[in-house]
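As structure tokens, the structure follows; a few thoughts come after it.
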Amino acid sequence: MADANKPNGGGNGAGGRGASNGEKNGLVGQVTTAVKEDIQALKTDIPAKAKQQLEGLKDPTKTQVYTSIFRHKHDDTPRNRALGVLSNVFLHLHPAKINRDAVRYSYTWGMGGITFYLFIILTYTGVLLMFYYHPSKVQAFRDVLYLEHDVPFGKILRNMHRWAAHLMVIAVWLHMFRVFLTGSYKKPREFNWNIGVLLLVFTLLLSFTGYLLPDDQLGFWAVTVGTNMARATPLLGHEGPFGAQLGMTPYNDVRFGLLGGSIVDANALLRSYIWHCIGIPIVASVLMIVHFWRVRKDGGISGPAPVMLTEEADKPRRGPKAAGE
Ligand code: HEM
């Protein structure tokens with residue numbers, strides 16, 4: 001097998017063909033061995049993990065979920081107390097050290113930060129838009145026209161809000177994609193990945209509820225289609241699995257609750273407005289605070305092992321470990 005992998009000097013003759021067959025065999029052999037190893041590892045891993053989970057039930061502080069949320073032991077030693085302060089975002093806002101390779105734009109794409117800045121722009125322009133907008137059937141669309149044509153800088157204000165909203169949705173997807181590509185959802189960042197998933201949902205909900213507010217045809221039909229899907233919600237929608245059995249009708253199901261009625265009308269506009277301007281931004285802000293706090297708690301942004309200059313690598317190490325402790 002090993003010999004078959006060796007290049008045999010090239011050429012177009014039988015020797016050349018033999019080598020490429022050998023290479024194929026070698027590759028197949030390698031893949032088969034790798035698959036066998038994976039299966040073997042699964043056979044030993046699964047029982048070990050199951051055992052670990054069972055142990056965890058006896059002592060929840062040893063489970064992966066607990067240790068992904070609480071990082072430190074609470075021993076009362078000077079080292080542990082110092083660690084407690086240095087890793088606490090309230091007691092020490094800036095991290096004690098960062099991995100310079102992890103903060104490079106080529107690694108993070110800056111997408112989490114960009115998503116956050118877009119959220120700030122949206123909050124700021126959104127508050128300004130509230131000075132001109134009334135969430136009523138009579139006024140909503142007129143207010144939008146007024147903003148577009150008469151309010152000084154109204155057009156740019158509205159478009160800043162609209163474009164930032166589109167960009168935020170794109171940026172949050174790209175951020176999630178980068179986190180996935182760099183494997184940053186893995187231990188110890190599983191908890192933060194879950195917070196991220198919630199943030200994604202709330203970002204999409206912000207976008208969706210904002211869509212209805214101009215009360216134009218585009219928004220009206222988008223929300224009609226979107227909320228029609230809610231009819232099929234399991235248990236809670238009147239057309240969803242077990243909905244009818246639980247007594248759901250078009251007049252008491254989850255869609256009715258979202259719209260404040262059975263059609264997209266004045267109540268739906270008001271509900272969208274309140275969710276869009278108050279409910280969802282508050283929840284999203286709290287989740288963002290938790291998200292940033294977790295980035296810090298999980299040891300900063302994940303990243304490749306720090307690149308060291310040769311002279312740095314050769315330097316004798318300082319600190320307790322170097323002293324043999
Ligand atoms: C409103 C939405 C979000 C905001 C403002 C946000 C913001 C951030 C920021 C500023 C960082 C620091 C690193 C970086 O910039 O890449 C970060 C890291 C992280 N985010 Fe988000 N994020 C959001 C949504 C999400 C989503 C949808 C996910 C995944 C489902 C996610 C998962 C993570 C994880 C696991 C990290 C740690 C990554 C690492 O250590 O490399 N975030 N986020």
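Each chain in the structure tokens gets a letter, A, B, ..., in the order shown, and its residues are numbered from 1; ligands are numbered from 1 in order too.
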
Give the residue list for ligand 1 at 8 Å, counting only C-alpha atoms and all ligand atoms, as a PDB file with N, CA and C atoms, in the first residue's frame, sorted by chain and then by residue number.
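Output (selection_10.pdb):
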```pdb
ATOM      1  N   ALA A 102      -6.576  36.302  16.767  1.00  0.00           N
ATOM      2  CA  ALA A 102      -8.029  36.098  16.760  1.00  0.00           C
ATOM      3  C   ALA A 102      -8.773  37.380  16.426  1.00  0.00           C
ATOM      4  N   VAL A 103      -8.160  38.547  16.671  1.00  0.00           N
ATOM      5  CA  VAL A 103      -8.882  39.789  16.401  1.00  0.00           C
ATOM      6  C   VAL A 103      -8.598  40.337  14.993  1.00  0.00           C
ATOM      7  N   THR A 108     -12.123  37.218  11.875  1.00  0.00           N
ATOM      8  CA  THR A 108     -13.517  37.433  12.325  1.00  0.00           C
ATOM      9  C   THR A 108     -14.387  38.024  11.219  1.00  0.00           C
ATOM     10  N   TRP A 109     -13.768  38.584  10.194  1.00  0.00           N
ATOM     11  CA  TRP A 109     -14.454  39.373   9.147  1.00  0.00           C
ATOM     12  C   TRP A 109     -15.112  40.603   9.773  1.00  0.00           C
ATOM     13  N   GLY A 110     -14.923  40.812  11.057  1.00  0.00           N
ATOM     14  CA  GLY A 110     -15.521  41.954  11.754  1.00  0.00           C
ATOM     15  C   GLY A 110     -17.044  41.913  11.735  1.00  0.00           C
ATOM     16  N   MET A 111     -17.617  40.776  11.400  1.00  0.00           N
ATOM     17  CA  MET A 111     -19.058  40.734  11.137  1.00  0.00           C
ATOM     18  C   MET A 111     -19.912  40.895  12.394  1.00  0.00           C
ATOM     19  N   GLY A 112     -19.449  40.342  13.530  1.00  0.00           N
ATOM     20  CA  GLY A 112     -20.214  40.517  14.765  1.00  0.00           C
ATOM     21  C   GLY A 112     -20.262  42.000  15.114  1.00  0.00           C
ATOM     22  N   GLY A 113     -19.098  42.661  15.025  1.00  0.00           N
ATOM     23  CA  GLY A 113     -19.005  44.097  15.338  1.00  0.00           C
ATOM     24  C   GLY A 113     -19.871  44.910  14.379  1.00  0.00           C
ATOM     25  N   ILE A 114     -19.803  44.578  13.081  1.00  0.00           N
ATOM     26  CA  ILE A 114     -20.588  45.320  12.082  1.00  0.00           C
ATOM     27  C   ILE A 114     -22.086  45.148  12.373  1.00  0.00           C
ATOM     28  N   THR A 115     -22.482  43.921  12.731  1.00  0.00           N
ATOM     29  CA  THR A 115     -23.900  43.683  13.055  1.00  0.00           C
ATOM     30  C   THR A 115     -24.313  44.589  14.213  1.00  0.00           C
ATOM     31  N   PHE A 116     -23.427  44.690  15.208  1.00  0.00           N
ATOM     32  CA  PHE A 116     -23.756  45.507  16.376  1.00  0.00           C
ATOM     33  C   PHE A 116     -23.856  46.991  15.996  1.00  0.00           C
ATOM     34  N   TYR A 117     -22.891  47.473  15.191  1.00  0.00           N
ATOM     35  CA  TYR A 117     -22.933  48.885  14.795  1.00  0.00           C
ATOM     36  C   TYR A 117     -24.194  49.179  13.992  1.00  0.00           C
ATOM     37  N   PHE A 119     -26.991  47.732  14.374  1.00  0.00           N
ATOM     38  CA  PHE A 119     -28.082  47.765  15.353  1.00  0.00           C
ATOM     39  C   PHE A 119     -28.142  49.152  16.021  1.00  0.00           C
ATOM     40  N   MET A 168     -28.083  44.532   8.186  1.00  0.00           N
ATOM     41  CA  MET A 168     -27.934  43.799   9.449  1.00  0.00           C
ATOM     42  C   MET A 168     -28.288  42.320   9.253  1.00  0.00           C
ATOM     43  N   VAL A 172     -25.554  39.476   9.939  1.00  0.00           N
ATOM     44  CA  VAL A 172     -25.707  38.478  11.002  1.00  0.00           C
ATOM     45  C   VAL A 172     -25.563  37.063  10.420  1.00  0.00           C
ATOM     46  N   TRP A 173     -26.036  36.868   9.191  1.00  0.00           N
ATOM     47  CA  TRP A 173     -25.848  35.551   8.556  1.00  0.00           C
ATOM     48  C   TRP A 173     -24.365  35.282   8.309  1.00  0.00           C
ATOM     49  N   HIS A 175     -21.875  36.574   9.881  1.00  0.00           N
ATOM     50  CA  HIS A 175     -21.223  36.365  11.180  1.00  0.00           C
ATOM     51  C   HIS A 175     -21.400  34.908  11.627  1.00  0.00           C
ATOM     52  N   MET A 176     -22.630  34.425  11.482  1.00  0.00           N
ATOM     53  CA  MET A 176     -22.909  33.047  11.885  1.00  0.00           C
ATOM     54  C   MET A 176     -22.101  32.072  11.022  1.00  0.00           C
ATOM     55  N   PHE A 177     -21.994  32.407   9.747  1.00  0.00           N
ATOM     56  CA  PHE A 177     -21.255  31.554   8.814  1.00  0.00           C
ATOM     57  C   PHE A 177     -19.775  31.499   9.215  1.00  0.00           C
ATOM     58  N   ARG A 178     -19.236  32.648   9.577  1.00  0.00           N
ATOM     59  CA  ARG A 178     -17.813  32.670   9.985  1.00  0.00           C
ATOM     60  C   ARG A 178     -17.616  31.879  11.282  1.00  0.00           C
ATOM     61  N   VAL A 179     -18.541  32.051  12.219  1.00  0.00           N
ATOM     62  CA  VAL A 179     -18.436  31.321  13.483  1.00  0.00           C
ATOM     63  C   VAL A 179     -18.466  29.822  13.189  1.00  0.00           C
ATOM     64  N   PHE A 180     -19.325  29.438  12.254  1.00  0.00           N
ATOM     65  CA  PHE A 180     -19.426  28.018  11.890  1.00  0.00           C
ATOM     66  C   PHE A 180     -18.130  27.536  11.231  1.00  0.00           C
ATOM     67  N   THR A 182     -15.135  28.641  11.473  1.00  0.00           N
ATOM     68  CA  THR A 182     -13.972  28.575  12.357  1.00  0.00           C
ATOM     69  C   THR A 182     -14.221  27.606  13.514  1.00  0.00           C
ATOM     70  N   GLY A 183     -15.359  26.923  13.490  1.00  0.00           N
ATOM     71  CA  GLY A 183     -15.655  25.932  14.540  1.00  0.00           C
ATOM     72  C   GLY A 183     -15.830  26.575  15.904  1.00  0.00           C
ATOM     73  N   SER A 184     -16.177  27.878  15.933  1.00  0.00           N
ATOM     74  CA  SER A 184     -16.221  28.579  17.221  1.00  0.00           C
ATOM     75  C   SER A 184     -17.480  28.274  18.014  1.00  0.00           C
ATOM     76  N   TYR A 185     -18.346  27.413  17.458  1.00  0.00           N
ATOM     77  CA  TYR A 185     -19.543  27.012  18.208  1.00  0.00           C
ATOM     78  C   TYR A 185     -19.204  25.882  19.189  1.00  0.00           C
ATOM     79  N   LYS A 186     -17.955  25.353  19.076  1.00  0.00           N
ATOM     80  CA  LYS A 186     -17.610  24.193  19.908  1.00  0.00           C
ATOM     81  C   LYS A 186     -17.293  24.610  21.330  1.00  0.00           C
ATOM     82  N   ARG A 189     -17.856  27.320  23.743  1.00  0.00           N
ATOM     83  CA  ARG A 189     -18.720  28.404  23.270  1.00  0.00           C
ATOM     84  C   ARG A 189     -20.121  27.947  22.881  1.00  0.00           C
ATOM     85  N   GLU A 190     -20.519  26.744  23.322  1.00  0.00           N
ATOM     86  CA  GLU A 190     -21.839  26.233  22.912  1.00  0.00           C
ATOM     87  C   GLU A 190     -22.961  27.137  23.418  1.00  0.00           C
ATOM     88  N   PHE A 191     -22.787  27.627  24.652  1.00  0.00           N
ATOM     89  CA  PHE A 191     -23.842  28.460  25.240  1.00  0.00           C
ATOM     90  C   PHE A 191     -24.017  29.734  24.405  1.00  0.00           C
ATOM     91  N   ASN A 192     -22.860  30.347  24.020  1.00  0.00           N
ATOM     92  CA  ASN A 192     -22.934  31.593  23.261  1.00  0.00           C
ATOM     93  C   ASN A 192     -23.502  31.364  21.860  1.00  0.00           C
ATOM     94  N   TRP A 193     -23.228  30.214  21.292  1.00  0.00           N
ATOM     95  CA  TRP A 193     -23.816  29.883  19.983  1.00  0.00           C
ATOM     96  C   TRP A 193     -25.346  29.892  20.118  1.00  0.00           C
ATOM     97  N   ASN A 194     -25.836  29.332  21.218  1.00  0.00           N
ATOM     98  CA  ASN A 194     -27.298  29.309  21.418  1.00  0.00           C
ATOM     99  C   ASN A 194     -27.870  30.713  21.596  1.00  0.00           C
ATOM    100  N   ILE A 195     -27.132  31.549  22.332  1.00  0.00           N
ATOM    101  CA  ILE A 195     -27.574  32.948  22.449  1.00  0.00           C
ATOM    102  C   ILE A 195     -27.599  33.562  21.050  1.00  0.00           C
ATOM    103  N   GLY A 196     -26.577  33.223  20.249  1.00  0.00           N
ATOM    104  CA  GLY A 196     -26.496  33.719  18.869  1.00  0.00           C
ATOM    105  C   GLY A 196     -27.706  33.303  18.043  1.00  0.00           C
ATOM    106  N   VAL A 197     -28.120  32.060  18.199  1.00  0.00           N
ATOM    107  CA  VAL A 197     -29.272  31.586  17.422  1.00  0.00           C
ATOM    108  C   VAL A 197     -30.504  32.433  17.784  1.00  0.00           C
ATOM    109  N   LEU A 198     -30.652  32.726  19.087  1.00  0.00           N
ATOM    110  CA  LEU A 198     -31.780  33.578  19.499  1.00  0.00           C
ATOM    111  C   LEU A 198     -31.644  34.970  18.872  1.00  0.00           C
ATOM    112  N   LEU A 199     -30.401  35.486  18.853  1.00  0.00           N
ATOM    113  CA  LEU A 199     -30.193  36.816  18.268  1.00  0.00           C
ATOM    114  C   LEU A 199     -30.561  36.827  16.789  1.00  0.00           C
ATOM    115  N   LEU A 200     -30.232  35.735  16.108  1.00  0.00           N
ATOM    116  CA  LEU A 200     -30.592  35.636  14.687  1.00  0.00           C
ATOM    117  C   LEU A 200     -32.113  35.702  14.538  1.00  0.00           C
ATOM    118  N   VAL A 201     -32.820  34.934  15.372  1.00  0.00           N
ATOM    119  CA  VAL A 201     -34.285  34.914  15.291  1.00  0.00           C
ATOM    120  C   VAL A 201     -34.844  36.311  15.560  1.00  0.00           C
ATOM    121  N   PHE A 202     -34.302  36.988  16.597  1.00  0.00           N
ATOM    122  CA  PHE A 202     -34.836  38.312  16.915  1.00  0.00           C
ATOM    123  C   PHE A 202     -34.482  39.341  15.841  1.00  0.00           C
ATOM    124  N   THR A 203     -33.307  39.176  15.199  1.00  0.00           N
ATOM    125  CA  THR A 203     -32.964  40.089  14.103  1.00  0.00           C
ATOM    126  C   THR A 203     -33.977  39.925  12.969  1.00  0.00           C
ATOM    127  N   ALA A 284     -33.612  41.871  22.336  1.00  0.00           N
ATOM    128  CA  ALA A 284     -32.368  41.726  21.559  1.00  0.00           C
ATOM    129  C   ALA A 284     -31.202  42.413  22.281  1.00  0.00           C
ATOM    130  N   MET A 288     -27.810  40.724  23.479  1.00  0.00           N
ATOM    131  CA  MET A 288     -26.492  41.172  22.999  1.00  0.00           C
ATOM    132  C   MET A 288     -25.525  41.368  24.166  1.00  0.00           C
ATOM    133  N   HIS A 291     -24.424  38.087  25.102  1.00  0.00           N
ATOM    134  CA  HIS A 291     -23.548  37.566  24.046  1.00  0.00           C
ATOM    135  C   HIS A 291     -22.113  38.106  24.196  1.00  0.00           C
ATOM    136  N   PHE A 292     -21.999  39.421  24.399  1.00  0.00           N
ATOM    137  CA  PHE A 292     -20.656  40.019  24.499  1.00  0.00           C
ATOM    138  C   PHE A 292     -19.966  39.556  25.786  1.00  0.00           C
ATOM    139  N   ARG A 294     -20.412  36.765  27.237  1.00  0.00           N
ATOM    140  CA  ARG A 294     -19.963  35.382  27.057  1.00  0.00           C
ATOM    141  C   ARG A 294     -18.693  35.312  26.208  1.00  0.00           C
ATOM    142  N   VAL A 295     -18.582  36.202  25.190  1.00  0.00           N
ATOM    143  CA  VAL A 295     -17.357  36.189  24.380  1.00  0.00           C
ATOM    144  C   VAL A 295     -16.169  36.355  25.316  1.00  0.00           C
ATOM    145  N   ASP A 298     -15.691  33.311  27.668  1.00  0.00           N
ATOM    146  CA  ASP A 298     -15.195  32.103  27.011  1.00  0.00           C
ATOM    147  C   ASP A 298     -13.732  32.241  26.596  1.00  0.00           C
ATOM    148  N   GLY A 299     -13.043  33.230  27.151  1.00  0.00           N
ATOM    149  CA  GLY A 299     -11.620  33.385  26.870  1.00  0.00           C
ATOM    150  C   GLY A 299     -11.370  34.256  25.667  1.00  0.00           C
ATOM    151  N   GLY A 300     -12.286  35.186  25.355  1.00  0.00           N
ATOM    152  CA  GLY A 300     -12.118  36.068  24.193  1.00  0.00           C
ATOM    153  C   GLY A 300     -12.481  35.334  22.914  1.00  0.00           C
ATOM    154  N   ILE A 301     -12.294  36.049  21.807  1.00  0.00           N
ATOM    155  CA  ILE A 301     -12.636  35.453  20.521  1.00  0.00           C
ATOM    156  C   ILE A 301     -11.762  34.214  20.333  1.00  0.00           C
ATOM    157  N   SER A 302     -12.352  33.158  19.794  1.00  0.00           N
ATOM    158  CA  SER A 302     -11.572  31.933  19.569  1.00  0.00           C
ATOM    159  C   SER A 302     -10.468  32.277  18.571  1.00  0.00           C
ATOM    160  N   GLY A 303      -9.663  31.343  18.190  1.00  0.00           N
ATOM    161  CA  GLY A 303      -8.705  31.744  17.178  1.00  0.00           C
ATOM    162  C   GLY A 303      -7.585  30.771  17.031  1.00  0.00           C
TER     163      GLY A 303
END
```

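You will find atom CA of A:Val169 at 15.8 Å from atom CA of A:Ser285.
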
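Compared by their closest atoms to A:Arg231, and using only C-alpha atoms, the residues A:Tyr105, A:Tyr251, A:Tyr211, A:Phe131 rank with A:Tyr251 nearest.
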
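Using only C-alpha atoms for every distance, the candidate list A:Gly56, A:Met248, A:Ile170, A:Thr125 yields A:Ile170 as the residue closest to A:Leu204.
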
Close residues, A:Leu157 itself excluded, 9 Å, only C-alpha atoms, min 2 positions apart in chain, as number ranges by chain: A: 125-126, 128-129, 147-148, 153-155, 159-162

Could the residues in this selection be saved with N, CA and C atoms as a PDB file, in the first residue's frame?
```pdb
ATOM      1  N   THR A 125     -31.664  55.882  14.245  1.00  0.00           N
ATOM      2  CA  THR A 125     -32.544  56.388  13.178  1.00  0.00           C
ATOM      3  C   THR A 125     -34.001  56.015  13.483  1.00  0.00           C
ATOM      4  N   GLY A 126     -34.201  54.866  14.113  1.00  0.00           N
ATOM      5  CA  GLY A 126     -35.559  54.429  14.455  1.00  0.00           C
ATOM      6  C   GLY A 126     -36.222  55.395  15.421  1.00  0.00           C
ATOM      7  N   LEU A 128     -35.528  58.536  15.743  1.00  0.00           N
ATOM      8  CA  LEU A 128     -35.841  59.765  15.010  1.00  0.00           C
ATOM      9  C   LEU A 128     -37.091  59.586  14.140  1.00  0.00           C
ATOM     10  N   LEU A 129     -37.228  58.398  13.527  1.00  0.00           N
ATOM     11  CA  LEU A 129     -38.417  58.148  12.694  1.00  0.00           C
ATOM     12  C   LEU A 129     -39.696  58.195  13.531  1.00  0.00           C
ATOM     13  N   LEU A 147     -42.344  61.952   5.079  1.00  0.00           N
ATOM     14  CA  LEU A 147     -40.907  61.799   5.355  1.00  0.00           C
ATOM     15  C   LEU A 147     -40.096  61.832   4.063  1.00  0.00           C
ATOM     16  N   GLU A 148     -40.594  61.161   3.041  1.00  0.00           N
ATOM     17  CA  GLU A 148     -39.865  61.048   1.774  1.00  0.00           C
ATOM     18  C   GLU A 148     -39.760  62.399   1.070  1.00  0.00           C
ATOM     19  N   PHE A 153     -34.187  66.140   5.399  1.00  0.00           N
ATOM     20  CA  PHE A 153     -33.367  64.916   5.582  1.00  0.00           C
ATOM     21  C   PHE A 153     -34.216  63.664   5.856  1.00  0.00           C
ATOM     22  N   GLY A 154     -35.533  63.771   5.634  1.00  0.00           N
ATOM     23  CA  GLY A 154     -36.427  62.635   5.933  1.00  0.00           C
ATOM     24  C   GLY A 154     -36.120  61.427   5.060  1.00  0.00           C
ATOM     25  N   LYS A 155     -35.826  61.730   3.777  1.00  0.00           N
ATOM     26  CA  LYS A 155     -35.579  60.625   2.847  1.00  0.00           C
ATOM     27  C   LYS A 155     -34.321  59.851   3.257  1.00  0.00           C
ATOM     28  N   ASN A 159     -34.122  56.016   4.551  1.00  0.00           N
ATOM     29  CA  ASN A 159     -33.281  55.054   3.812  1.00  0.00           C
ATOM     30  C   ASN A 159     -32.123  54.515   4.636  1.00  0.00           C
ATOM     31  N   MET A 160     -31.618  55.358   5.557  1.00  0.00           N
ATOM     32  CA  MET A 160     -30.557  54.838   6.449  1.00  0.00           C
ATOM     33  C   MET A 160     -31.127  53.678   7.259  1.00  0.00           C
ATOM     34  N   HIS A 161     -32.376  53.877   7.734  1.00  0.00           N
ATOM     35  CA  HIS A 161     -32.996  52.843   8.555  1.00  0.00           C
ATOM     36  C   HIS A 161     -33.243  51.577   7.724  1.00  0.00           C
ATOM     37  N   ARG A 162     -33.759  51.772   6.524  1.00  0.00           N
ATOM     38  CA  ARG A 162     -34.115  50.629   5.678  1.00  0.00           C
ATOM     39  C   ARG A 162     -32.885  49.844   5.242  1.00  0.00           C
TER      40      ARG A 162
END
```

Å distance separating atom CA of A:Gly84 from atom CA of A:Leu57, one decimal place: 26.9 Å

Residue contacts of A:Ala164 (8 Å, only C-alpha atoms) excluding same-chain residues fewer than 6 positions away, as a VMD selection string: chain A and resid 118 to 119 121 to 122

Backbone DSSP call of helix (DSSP H, G or I) for stretch 139-244 of chain A, listed as an NGL selection string: :A and (140-149 or 154-181 or 190-212 or 217-232)

Could you produce a table of the residues of stretch 102-195 of chain A lying within 7 Å of stretch 256-270 of chain A, with the nearest pair of atoms per residue and their separation in Å rounded to one decimal, using only C-alpha atoms, ordered by chain and increasing residue number, as CSV?
```
residue,atom,partner,partner_atom,distance
A:Pro135,CA,A:Leu270,CA,5.6
A:Ser136,CA,A:Ala266,CA,6.3
A:Lys137,CA,A:Ala266,CA,5.7
```

Restrict the selected residues to C-alpha atoms and save them as a short mmCIF file (atom, residue, chain, number, x, y, z; two decimals), in the first residue's frame.
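again.cif was written with the following content:
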```cif
data_model
loop_
_atom_site.label_atom_id
_atom_site.label_comp_id
_atom_site.auth_asym_id
_atom_site.auth_seq_id
_atom_site.Cartn_x
_atom_site.Cartn_y
_atom_site.Cartn_z
CA PRO A 135 -49.06 53.53 13.59
CA SER A 136 -52.61 54.04 12.31
CA LYS A 137 -54.28 53.08 9.05
#
```
